[in-house]
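K.L.:
Contents of model-v6.csv (CSV, C-alpha atoms (C1' of nucleotides)) are given next:
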chain,number,residue,atom,x,y,z
A,1,MET,CA,2.1,-51.1,14.7
A,2,ARG,CA,1.7,-51.1,10.9
A,3,VAL,CA,-1.7,-49.5,10.8
A,4,LEU,CA,-2.5,-46.4,12.8
A,5,ASP,CA,-5.8,-44.7,13.2
A,6,ILE,CA,-6.1,-41.0,12.8
A,7,GLY,CA,-5.9,-40.3,16.5
A,8,GLU,CA,-2.6,-42.1,16.7
A,9,VAL,CA,-1.2,-40.4,13.7
A,10,ALA,CA,-2.3,-37.1,15.2
A,11,GLU,CA,-0.6,-37.8,18.5
A,12,ARG,CA,2.6,-39.1,17.0
A,13,SER,CA,3.0,-36.4,14.3
A,14,GLY,CA,1.7,-33.4,16.2
A,15,VAL,CA,-0.6,-32.8,13.2
A,16,VAL,CA,-4.2,-32.4,14.4
A,17,PRO,CA,-7.0,-34.6,12.9
A,18,SER,CA,-8.7,-31.7,11.1
A,19,THR,CA,-5.5,-31.0,9.3
A,20,LEU,CA,-5.0,-34.7,8.5
A,21,ARG,CA,-8.5,-34.8,7.0
A,22,TYR,CA,-7.7,-31.6,5.0
A,23,TYR,CA,-4.5,-33.1,3.7
A,24,GLU,CA,-6.4,-36.2,2.6
A,25,GLU,CA,-9.0,-34.1,1.0
A,26,ILE,CA,-6.5,-32.3,-1.1
A,27,GLY,CA,-4.7,-35.6,-2.0
A,28,LEU,CA,-1.6,-34.9,0.0
A,29,ILE,CA,-1.9,-38.1,2.0
A,30,ALA,CA,-4.0,-41.2,1.6
A,31,SER,CA,-5.7,-43.4,4.1
A,32,LEU,CA,-5.7,-47.2,3.8
A,33,GLY,CA,-9.4,-47.3,4.5
A,34,ARG,CA,-11.7,-47.1,7.5
A,35,HIS,CA,-12.4,-49.0,10.6
A,36,GLY,CA,-16.0,-48.1,11.0
A,37,LEU,CA,-15.8,-44.4,10.2
A,38,ARG,CA,-12.3,-44.0,11.3
A,39,ARG,CA,-9.5,-43.4,8.9
A,40,GLN,CA,-6.7,-45.9,9.1
A,41,PHE,CA,-3.2,-44.9,8.0
A,42,ASP,CA,-0.1,-46.8,7.1
A,43,GLY,CA,2.8,-46.1,9.5
A,44,ASP,CA,4.6,-44.5,6.5
A,45,VAL,CA,2.4,-41.6,6.7
A,46,LEU,CA,4.4,-40.3,9.6
A,47,LEU,CA,7.5,-40.0,7.4
A,48,LYS,CA,5.4,-38.4,4.7
A,49,LEU,CA,4.1,-35.9,7.2
A,50,SER,CA,7.7,-35.1,8.1
A,51,LEU,CA,8.5,-34.5,4.5
A,52,ILE,CA,5.5,-32.3,4.3
A,53,ALA,CA,6.6,-30.3,7.3
A,54,MET,CA,10.0,-29.9,5.8
A,55,GLY,CA,8.6,-28.8,2.5
A,56,LYS,CA,6.5,-26.2,4.2
A,57,ALA,CA,9.5,-25.0,6.1
A,58,ALA,CA,11.4,-24.8,2.9
A,59,GLY,CA,8.7,-22.5,1.5
A,60,PHE,CA,6.9,-25.0,-0.8
A,61,SER,CA,3.2,-24.7,-1.0
A,62,LEU,CA,1.1,-27.7,-0.3
A,63,GLU,CA,0.3,-27.9,-3.9
A,64,GLU,CA,3.9,-28.0,-4.8
A,65,ILE,CA,4.6,-30.6,-2.2
A,66,ALA,CA,1.8,-32.7,-3.5
A,67,GLY,CA,3.4,-32.5,-6.9
A,68,MET,CA,6.5,-34.0,-5.5
A,69,PHE,CA,4.9,-37.3,-4.8
A,70,GLY,CA,4.2,-39.7,-7.6
A,71,ARG,CA,0.9,-41.5,-8.0
A,72,ASP,CA,2.1,-44.3,-5.7
A,73,GLY,CA,2.7,-41.9,-2.8
A,74,ARG,CA,6.5,-42.2,-3.0
A,75,PRO,CA,8.4,-39.0,-3.2
A,76,GLU,CA,9.2,-38.4,-6.8
A,77,ILE,CA,10.8,-35.0,-7.0
A,78,PRO,CA,12.2,-33.3,-10.1
A,79,ARG,CA,15.9,-33.0,-9.2
A,80,ASP,CA,16.6,-29.7,-10.8
A,81,GLN,CA,13.7,-28.1,-9.1
A,82,LEU,CA,15.1,-29.3,-5.8
A,83,ARG,CA,18.5,-27.8,-6.6
A,84,VAL,CA,16.9,-24.5,-7.5
A,85,ARG,CA,15.1,-24.5,-4.2
A,86,ALA,CA,18.2,-25.5,-2.4
A,87,ASP,CA,19.9,-22.5,-3.9
A,88,GLU,CA,17.0,-20.3,-3.0
A,89,LEU,CA,17.4,-21.5,0.6
A,90,GLN,CA,21.0,-20.6,0.5
A,91,ARG,CA,20.2,-17.1,-0.6
A,92,GLN,CA,17.5,-16.9,2.0
A,93,MET,CA,20.0,-17.9,4.7
A,94,VAL,CA,22.3,-15.0,3.6
A,95,GLU,CA,19.4,-12.6,3.9
A,96,LEU,CA,18.5,-13.9,7.3
A,97,ARG,CA,22.1,-13.5,8.5
A,98,THR,CA,22.2,-9.8,7.4
A,99,LEU,CA,18.9,-9.3,9.1
A,100,ARG,CA,20.0,-10.9,12.3
A,101,ASP,CA,23.0,-8.6,12.3
A,102,VAL,CA,20.8,-5.6,11.8
A,103,LEU,CA,18.5,-6.6,14.6
A,104,ARG,CA,21.5,-7.2,16.9
A,105,HIS,CA,23.0,-3.9,16.0
A,106,VAL,CA,19.7,-2.1,16.6
A,107,ALA,CA,19.4,-3.9,20.0
A,108,ASP,CA,22.9,-2.8,21.1
A,109,CYS,CA,23.5,0.5,19.4
A,110,PRO,CA,23.3,3.4,21.9
A,111,ALA,CA,22.5,6.0,19.3
A,112,PRO,CA,19.2,7.8,20.1
A,113,SER,CA,17.8,7.3,16.6
A,114,HIS,CA,19.1,4.5,14.4
A,115,LEU,CA,18.3,6.5,11.3
A,116,GLU,CA,21.3,8.6,12.1
A,117,CYS,CA,23.7,5.8,13.0
A,118,PRO,CA,26.2,5.1,10.3
A,119,THR,CA,26.5,1.5,11.1
A,120,PHE,CA,22.8,1.1,10.9
A,121,ARG,CA,22.7,2.8,7.6
A,122,LYS,CA,25.5,0.7,6.3
A,123,LEU,CA,23.7,-2.5,7.3
A,124,MET,CA,20.5,-1.3,5.7
A,125,GLN,CA,22.4,-0.7,2.5
A,126,ALA,CA,23.8,-4.2,2.6
A,127,ALA,CA,20.3,-5.6,3.1
A,128,SER,CA,19.2,-3.4,0.2
A,129,ARG,CA,21.9,-4.8,-2.0
A,130,GLU,CA,20.8,-8.3,-1.1
A,131,ARG,CA,17.4,-7.2,-2.3
A,132,LEU,CA,15.9,-7.9,1.1
A,133,VAL,CA,14.4,-4.5,0.8
A,134,TYR,CA,13.3,-2.5,-2.2
A,135,ARG,CA,12.2,-5.8,-3.6
A,136,PRO,CA,9.7,-4.8,-6.3
A,137,SER,CA,6.4,-6.4,-5.8
A,138,SER,CA,7.4,-10.0,-5.5
A,139,GLY,CA,8.2,-10.7,-1.9
A,140,PRO,CA,6.7,-13.3,0.4
A,141,ARG,CA,2.9,-13.3,0.3
A,142,SER,CA,2.5,-13.3,4.0
A,143,GLY,CA,4.8,-13.2,7.0
A,144,ARG,CA,6.2,-16.4,8.4
A,145,LYS,CA,5.8,-16.6,12.1
A,146,ALA,CA,8.8,-18.0,13.8
A,147,ALA,CA,7.8,-21.2,15.7
A,148,SER,CA,7.0,-20.4,19.2
A,149,LYS,CA,6.8,-22.4,22.4
A,150,PRO,CA,6.8,-26.2,21.7
B,151,MET,CA,13.5,16.1,-3.2
B,152,ARG,CA,12.1,16.3,0.3
B,153,VAL,CA,8.5,15.7,-0.6
B,154,LEU,CA,7.4,12.8,-2.8
B,155,ASP,CA,4.0,12.0,-4.1
B,156,ILE,CA,2.7,8.5,-3.8
B,157,GLY,CA,3.6,7.6,-7.4
B,158,GLU,CA,7.2,8.5,-6.8
B,159,VAL,CA,7.3,6.6,-3.5
B,160,ALA,CA,5.8,3.6,-5.3
B,161,GLU,CA,8.4,3.8,-8.0
B,162,ARG,CA,11.4,4.2,-5.7
B,163,SER,CA,10.4,1.7,-3.1
B,164,GLY,CA,8.8,-0.9,-5.3
B,165,VAL,CA,5.7,-0.8,-3.1
B,166,VAL,CA,2.6,-0.3,-5.1
B,167,PRO,CA,0.2,2.6,-4.3
B,168,SER,CA,-2.6,0.4,-3.1
B,169,THR,CA,-0.2,-1.1,-0.5
B,170,LEU,CA,1.0,2.3,0.5
B,171,ARG,CA,-2.6,3.4,1.0
B,172,TYR,CA,-3.2,0.3,3.0
B,173,TYR,CA,-0.1,0.9,5.2
B,174,GLU,CA,-1.3,4.4,5.8
B,175,GLU,CA,-4.8,3.1,6.7
B,176,ILE,CA,-3.4,0.8,9.3
B,177,GLY,CA,-1.1,3.6,10.7
B,178,LEU,CA,2.2,2.1,9.6
B,179,ILE,CA,3.2,5.1,7.6
B,180,ALA,CA,1.9,8.6,7.5
B,181,SER,CA,1.5,11.1,4.7
B,182,LEU,CA,2.4,14.8,5.1
B,183,GLY,CA,-0.8,15.8,3.5
B,184,ARG,CA,-2.2,16.2,0.0
B,185,HIS,CA,-1.6,17.9,-3.2
B,186,GLY,CA,-5.1,18.1,-4.5
B,187,LEU,CA,-6.1,14.5,-3.7
B,188,ARG,CA,-2.7,13.1,-3.9
B,189,ARG,CA,-0.9,11.9,-0.9
B,190,GLN,CA,2.5,13.5,-0.3
B,191,PHE,CA,5.2,11.8,1.7
B,192,ASP,CA,8.4,12.8,3.3
B,193,GLY,CA,11.5,11.3,1.8
B,194,ASP,CA,12.0,9.5,5.1
B,195,VAL,CA,9.2,7.2,4.2
B,196,LEU,CA,11.5,5.3,1.9
B,197,LEU,CA,13.8,4.3,4.8
B,198,LYS,CA,10.7,3.4,6.8
B,199,LEU,CA,9.5,1.2,4.0
B,200,SER,CA,12.9,-0.5,4.0
B,201,LEU,CA,12.6,-1.2,7.7
B,202,ILE,CA,9.1,-2.5,7.1
B,203,ALA,CA,10.3,-4.8,4.4
B,204,MET,CA,13.1,-6.0,6.7
B,205,GLY,CA,10.7,-6.6,9.5
B,206,LYS,CA,8.5,-8.6,7.3
B,207,ALA,CA,11.4,-10.7,6.1
B,208,ALA,CA,12.3,-11.2,9.7
B,209,GLY,CA,8.9,-12.7,10.4
B,210,PHE,CA,7.3,-9.7,12.2
B,211,SER,CA,3.7,-9.1,11.4
B,212,LEU,CA,2.7,-5.6,10.3
B,213,GLU,CA,1.1,-5.1,13.6
B,214,GLU,CA,4.3,-5.9,15.4
B,215,ILE,CA,6.2,-3.7,13.1
B,216,ALA,CA,3.8,-0.8,13.7
B,217,GLY,CA,4.4,-1.3,17.4
B,218,MET,CA,8.1,-0.7,16.9
B,219,PHE,CA,7.7,2.8,15.8
B,220,GLY,CA,7.0,5.4,18.5
B,221,ARG,CA,4.3,8.1,18.1
B,222,ASP,CA,6.8,10.4,16.3
B,223,GLY,CA,7.4,7.8,13.6
B,224,ARG,CA,10.9,7.1,14.7
B,225,PRO,CA,11.8,3.5,15.3
B,226,GLU,CA,11.5,2.8,18.9
B,227,ILE,CA,12.1,-0.9,19.4
B,228,PRO,CA,12.2,-2.9,22.6
B,229,ARG,CA,15.7,-4.1,22.7
B,230,ASP,CA,15.2,-7.5,24.3
B,231,GLN,CA,12.4,-8.2,21.8
B,232,LEU,CA,14.9,-7.6,19.1
B,233,ARG,CA,17.5,-9.9,20.6
B,234,VAL,CA,14.9,-12.6,21.0
B,235,ARG,CA,14.0,-12.2,17.3
B,236,ALA,CA,17.6,-12.2,16.3
B,237,ASP,CA,18.1,-15.5,18.2
B,238,GLU,CA,15.0,-16.9,16.4
B,239,LEU,CA,16.5,-15.9,13.1
B,240,GLN,CA,19.7,-17.7,14.1
B,241,ARG,CA,17.7,-20.9,14.8
B,242,GLN,CA,15.8,-20.5,11.6
B,243,MET,CA,19.1,-20.3,9.7
B,244,VAL,CA,20.2,-23.6,11.2
B,245,GLU,CA,16.9,-25.1,10.1
B,246,LEU,CA,17.3,-23.8,6.6
B,247,ARG,CA,20.8,-25.2,6.4
B,248,THR,CA,19.7,-28.7,7.3
B,249,LEU,CA,16.9,-28.3,4.9
B,250,ARG,CA,19.2,-27.2,2.1
B,251,ASP,CA,21.3,-30.3,2.8
B,252,VAL,CA,18.3,-32.5,2.6
B,253,LEU,CA,17.2,-31.1,-0.7
B,254,ARG,CA,20.7,-31.3,-2.1
B,255,HIS,CA,20.9,-34.9,-1.0
B,256,VAL,CA,17.6,-35.8,-2.5
B,257,ALA,CA,18.6,-34.1,-5.7
B,258,ASP,CA,21.8,-36.1,-6.0
B,259,CYS,CA,21.1,-39.4,-4.3
B,260,PRO,CA,20.8,-42.2,-6.8
B,261,ALA,CA,18.7,-44.4,-4.6
B,262,PRO,CA,15.3,-45.3,-6.2
B,263,SER,CA,13.3,-44.4,-3.2
B,264,HIS,CA,14.7,-41.9,-0.6
B,265,LEU,CA,12.7,-43.5,2.1
B,266,GLU,CA,15.1,-46.4,2.1
B,267,CYS,CA,18.3,-44.3,1.8
B,268,PRO,CA,20.2,-44.3,5.1
B,269,THR,CA,21.7,-40.8,4.4
B,270,PHE,CA,18.2,-39.4,3.8
B,271,ARG,CA,16.8,-41.0,6.9
B,272,LYS,CA,19.7,-39.6,8.9
B,273,LEU,CA,19.2,-36.1,7.6
B,274,MET,CA,15.5,-36.4,8.3
B,275,GLN,CA,16.3,-37.4,11.9
B,276,ALA,CA,18.6,-34.4,12.2
B,277,ALA,CA,15.8,-32.2,10.9
B,278,SER,CA,13.5,-33.8,13.4
B,279,ARG,CA,15.8,-33.1,16.3
B,280,GLU,CA,15.9,-29.5,15.2
B,281,ARG,CA,12.2,-29.6,15.5
B,282,LEU,CA,11.8,-28.6,11.9
B,283,VAL,CA,9.4,-31.5,11.7
B,284,TYR,CA,7.1,-33.0,14.3
B,285,ARG,CA,6.6,-29.4,15.5
B,286,PRO,CA,3.3,-29.7,17.4
B,287,SER,CA,0.8,-27.2,16.1
B,288,SER,CA,2.8,-24.0,16.1
B,289,GLY,CA,4.6,-23.7,12.9
B,290,PRO,CA,4.5,-20.9,10.4
B,291,ARG,CA,0.9,-19.9,9.5
B,292,SER,CA,1.5,-19.9,5.8
B,293,GLY,CA,4.2,-20.7,3.4
B,294,ARG,CA,6.7,-18.1,2.5
B,295,LYS,CA,7.3,-17.9,-1.2
B,296,ALA,CA,10.9,-17.2,-2.1
B,297,ALA,CA,11.3,-14.0,-3.9
B,298,SER,CA,11.3,-14.5,-7.6
B,299,LYS,CA,12.4,-12.4,-10.5
B,300,PRO,CA,13.0,-8.8,-9.8
C,301,DG,C1',-28.2,-53.1,25.3
C,302,DC,C1',-26.7,-48.8,26.3
C,303,DT,C1',-23.4,-45.2,27.0
C,304,DT,C1',-19.5,-42.7,25.7
C,305,DG,C1',-15.8,-40.7,23.4
C,306,DA,C1',-13.7,-40.4,19.4
C,307,DC,C1',-14.4,-40.1,15.2
C,308,DC,C1',-17.4,-38.5,10.9
C,309,DT,C1',-19.4,-34.9,7.0
C,310,DC,C1',-20.1,-30.5,5.0
C,311,DA,C1',-20.5,-25.8,4.9
C,312,DA,C1',-18.9,-21.8,6.5
C,313,DG,C1',-15.6,-19.0,8.9
C,314,DT,C1',-10.9,-17.1,10.0
C,315,DC,C1',-6.4,-14.8,9.4
C,316,DG,C1',-3.1,-11.4,7.5
C,317,DA,C1',-1.9,-8.8,3.8
C,318,DC,C1',-3.3,-7.1,0.2
C,319,DT,C1',-5.8,-6.4,-4.5
C,320,DT,C1',-9.7,-5.2,-7.4
C,321,DG,C1',-13.6,-2.7,-9.2
C,322,DA,C1',-16.7,0.9,-9.8
C,323,DA,C1',-17.4,5.5,-9.7
C,324,DC,C1',-15.3,9.9,-8.9
C,325,DT,C1',-11.7,14.1,-8.8
C,326,DT,C1',-7.6,16.7,-10.0
C,327,DG,C1',-3.3,19.0,-11.7
C,328,DT,C1',-0.8,19.4,-15.8
C,329,DA,C1',-0.1,19.5,-20.7
C,330,DC,C1',-1.7,20.9,-24.9
D,331,DG,C1',-10.7,25.0,-21.6
D,332,DT,C1',-10.6,20.4,-22.1
D,333,DA,C1',-8.5,15.8,-22.2
D,334,DC,C1',-6.2,12.6,-19.6
D,335,DA,C1',-3.1,10.1,-16.7
D,336,DA,C1',-2.9,9.4,-12.2
D,337,DG,C1',-4.6,9.8,-8.4
D,338,DT,C1',-9.0,9.1,-4.9
D,339,DT,C1',-12.8,6.4,-1.8
D,340,DC,C1',-15.1,2.4,-0.1
D,341,DA,C1',-16.7,-2.1,-0.1
D,342,DA,C1',-15.9,-6.4,-1.3
D,343,DG,C1',-12.9,-10.1,-3.0
D,344,DT,C1',-8.7,-13.2,-2.9
D,345,DC,C1',-5.3,-16.4,-1.4
D,346,DG,C1',-3.5,-20.5,1.2
D,347,DA,C1',-4.0,-23.3,4.9
D,348,DC,C1',-6.6,-24.5,8.1
D,349,DT,C1',-10.3,-24.4,12.0
D,350,DT,C1',-15.0,-24.4,13.7
D,351,DG,C1',-19.7,-25.8,14.4
D,352,DA,C1',-23.7,-28.4,14.0
D,353,DG,C1',-25.5,-32.6,13.8
D,354,DG,C1',-24.6,-37.6,12.9
D,355,DT,C1',-22.3,-42.5,13.5
D,356,DC,C1',-19.9,-46.1,15.4
D,357,DA,C1',-17.0,-49.7,18.2
D,358,DA,C1',-15.6,-50.9,22.6
D,359,DG,C1',-16.5,-51.3,27.4
D,360,DC,C1',-19.6,-51.8,31.1
As a first step, turn the structure in this file into structure tokens.
P.N.:
Amino acid sequence: MRVLDIGEVAERSGVVPSTLRYYEEIGLIASLGRHGLRRQFDGDVLLKLSLIAMGKAAGFSLEEIAGMFGRDGRPEIPRDQLRVRADELQRQMVELRTLRDVLRHVADCPAPSHLECPTFRKLMQAASRERLVYRPSSGPRSGRKAASKP
Amino acid sequence: MRVLDIGEVAERSGVVPSTLRYYEEIGLIASLGRHGLRRQFDGDVLLKLSLIAMGKAAGFSLEEIAGMFGRDGRPEIPRDQLRVRADELQRQMVELRTLRDVLRHVADCPAPSHLECPTFRKLMQAASRERLVYRPSSGPRSGRKAASKP
DNA sequence: GCTTGACCTCAAGTCGACTTGAACTTGTAC
DNA sequence: GTACAAGTTCAAGTCGACTTGAGGTCAAGC
């Protein structure tokens, strides 16, 4: 089970063939060669795809992720860049926690309009201090959809 | 300071005028009217923009956010939808924590190739169990860039 | 030897959220 | 009364990450 063809990789990784081809095209993964027309991949590609998925979840772009692998395909990541990103994740977690609290409050608060509820306003201010809001012109480019049904 | 023109709104909210116009175009915010050509907004719009920013950070699309405001412009959010989203945020936080740990490990682990490091593999498996990776075809649409310099 | 199903290529399309550019208008300051 | 900064419209462009479609190829099974 060393060599997998693209269909198997797709099935085992959950990444569809068109995406695998795209990843190969941009140099994110490499195939061993072909069997007829079919791309053949080393089993390692599965772990690599996991890393890619994690990188995406961490907010890295595909380009950044690609930059993390050395020429030989092994991960080769600048350590301080990783630490920076880890710290960013930390901050992001704090934001998410506040946000979760706001949502829960809004869901439970009986006030007719949240705009007048002191708790709501206080939470908003906290969020504001965390720079969740009033973030001048440099927020996420596009919304991240939470993963839905498996 | 009840009525603000678009420039002021932009300055105070950090949302650029073109975006404000776009938001008005899609019905997310409303202007009171014009002073000459210039859009005038009620001060309330600032809070609304905060809510929008929070919604985006929470992973809601603009369309979903728009759906959360009733006709009168007051937030009018289906409570169970909020709870669902709060729970999703909770899950997302757990994912981020694992991810942070992976990044920190990779940053600190002296092993020449992480692929052979048992700790790394264990963390990867944990991430896998959390469905951070191997998530079949329904992940985030596009990467979220962490907010950078203010 | 032929069918079949899974792959292939390449160009173009999609999606959300904006931004940009060209050409025009206006209130305010001098 | 004129210059000018800051607004305006509208169409089109951008970005990342894919997906889709049309038309072609191939290895394995009958």
K.L.:
Which one of C:DT319, C:DT328, C:DT309, C:DT303 sits closest to chain B if you count only C-alpha atoms (C1' of nucleotides)?
P.N.:
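The closest residue to chain B is C:DT319.
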K.L.:
Write down, as number ranges by chain, each residue of chain C that has any atom within 10 Å of an atom of chain A, counting all atoms listed in the file.
P.N.:
C: 306-308, 316-318
K.L.:
For atom C1' of DT355 of chain D and atom CA of Asp44 of chain A, determine how far apart the two atoms are, in Å to one decimal place.
P.N.:
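Rounded to one decimal, the two atoms are 27.9 Å apart.
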K.L.:
Taking all atoms listed in the file into account, which of B:Lys272, B:Arg152, B:Arg254, B:Arg247 comes nearest Gly193 of chain B?
P.N.:
B:Arg152
K.L.:
In Å, with one decimal, what is the gap from atom CA of Gln242 of chain B to atom CA of Lys198 of chain B?
P.N.:
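Rounded to one decimal, the two atoms are 24.9 Å apart.
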K.L.:
Measuring between only C-alpha atoms (C1' of nucleotides), which one of D:DA352, D:DC360, D:DC340, D:DA347 shows the shortest distance to DC324 of chain C?
P.N.:
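Going through D:DA352, D:DC360, D:DC340, D:DA347 one by one, the smallest distance to DC324 of chain C is for D:DC340.
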K.L.:
If we count all atoms listed in the file and set the cut-off at 9 Å, which residues sit around Val16 of chain A, ignoring sequence neighbours fewer than 3 positions away in its own chain? Please answer as a PDB file with C-alpha atoms, in the coordinates of the input.
P.N.:
ATOM      1  CA  ILE A   6      -6.100 -41.000  12.800  1.00  0.00           C
ATOM      2  CA  GLY A   7      -5.900 -40.300  16.500  1.00  0.00           C
ATOM      3  CA  VAL A   9      -1.200 -40.400  13.700  1.00  0.00           C
ATOM      4  CA  ALA A  10      -2.300 -37.100  15.200  1.00  0.00           C
ATOM      5  CA  GLU A  11      -0.600 -37.800  18.500  1.00  0.00           C
ATOM      6  CA  SER A  13       3.000 -36.400  14.300  1.00  0.00           C
ATOM      7  CA  THR A  19      -5.500 -31.000   9.300  1.00  0.00           C
ATOM      8  CA  LEU A  20      -5.000 -34.700   8.500  1.00  0.00           C
ATOM      9  CA  ARG A  21      -8.500 -34.800   7.000  1.00  0.00           C
TER      10      ARG A  21
ATOM     11  CA  PRO B 286       3.300 -29.700  17.400  1.00  0.00           C
ATOM     12  CA  SER B 287       0.800 -27.200  16.100  1.00  0.00           C
TER      13      SER B 287
END
K.L.:
For a test of reading the model, state the distance in Å between atom CA of Gly164 of chain B and atom CA of Phe120 of chain A, rounded to one decimal.
P.N.:
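If I compute the distance from atom CA of Gly164 of chain B to atom CA of Phe120 of chain A, I get 21.5 Å.
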K.L.:
What residues in chain D lie within 8 Å of chain B, counting only C-alpha atoms (C1' of nucleotides), written as JSON, numbers by chain?
P.N.:
{"D": [337, 338, 346, 347]}
K.L.:
Considering all atoms listed in the file, state which residue in the set B:Ala203, B:Ile215, B:Ala276, B:Ala180 is at the smallest distance from chain A.
P.N.:
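When distances to chain A are compared using all atoms listed in the file, the smallest one comes from B:Ala203.
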K.L.:
Find, counting all atoms listed in the file, the residue in A:Asp42, A:Glu24, A:Asp108, A:Glu8 that gets nearest to chain B.
P.N.:
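So, comparing all the options, the nearest one is A:Asp108.
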K.L.:
Can you find the residues with an atom no farther than 12 Å from (20.7, -28.5, -0.4), counting only C-alpha atoms (C1' of nucleotides), and report them as a PDB file with C-alpha atoms, keeping the file's coordinate frame?
P.N.:
ATOM      1  CA  ALA A  58      11.400 -24.800   2.900  1.00  0.00           C
ATOM      2  CA  ARG A  79      15.900 -33.000  -9.200  1.00  0.00           C
ATOM      3  CA  ASP A  80      16.600 -29.700 -10.800  1.00  0.00           C
ATOM      4  CA  GLN A  81      13.700 -28.100  -9.100  1.00  0.00           C
ATOM      5  CA  LEU A  82      15.100 -29.300  -5.800  1.00  0.00           C
ATOM      6  CA  ARG A  83      18.500 -27.800  -6.600  1.00  0.00           C
ATOM      7  CA  VAL A  84      16.900 -24.500  -7.500  1.00  0.00           C
ATOM      8  CA  ARG A  85      15.100 -24.500  -4.200  1.00  0.00           C
ATOM      9  CA  ALA A  86      18.200 -25.500  -2.400  1.00  0.00           C
ATOM     10  CA  ASP A  87      19.900 -22.500  -3.900  1.00  0.00           C
ATOM     11  CA  GLU A  88      17.000 -20.300  -3.000  1.00  0.00           C
ATOM     12  CA  LEU A  89      17.400 -21.500   0.600  1.00  0.00           C
ATOM     13  CA  GLN A  90      21.000 -20.600   0.500  1.00  0.00           C
ATOM     14  CA  ARG A  91      20.200 -17.100  -0.600  1.00  0.00           C
ATOM     15  CA  MET A  93      20.000 -17.900   4.700  1.00  0.00           C
TER      16      MET A  93
ATOM     17  CA  GLU B 245      16.900 -25.100  10.100  1.00  0.00           C
ATOM     18  CA  LEU B 246      17.300 -23.800   6.600  1.00  0.00           C
ATOM     19  CA  ARG B 247      20.800 -25.200   6.400  1.00  0.00           C
ATOM     20  CA  THR B 248      19.700 -28.700   7.300  1.00  0.00           C
ATOM     21  CA  LEU B 249      16.900 -28.300   4.900  1.00  0.00           C
ATOM     22  CA  ARG B 250      19.200 -27.200   2.100  1.00  0.00           C
ATOM     23  CA  ASP B 251      21.300 -30.300   2.800  1.00  0.00           C
ATOM     24  CA  VAL B 252      18.300 -32.500   2.600  1.00  0.00           C
ATOM     25  CA  LEU B 253      17.200 -31.100  -0.700  1.00  0.00           C
ATOM     26  CA  ARG B 254      20.700 -31.300  -2.100  1.00  0.00           C
ATOM     27  CA  HIS B 255      20.900 -34.900  -1.000  1.00  0.00           C
ATOM     28  CA  VAL B 256      17.600 -35.800  -2.500  1.00  0.00           C
ATOM     29  CA  ALA B 257      18.600 -34.100  -5.700  1.00  0.00           C
ATOM     30  CA  ASP B 258      21.800 -36.100  -6.000  1.00  0.00           C
ATOM     31  CA  CYS B 259      21.100 -39.400  -4.300  1.00  0.00           C
ATOM     32  CA  PHE B 270      18.200 -39.400   3.800  1.00  0.00           C
ATOM     33  CA  LEU B 273      19.200 -36.100   7.600  1.00  0.00           C
TER      34      LEU B 273
END
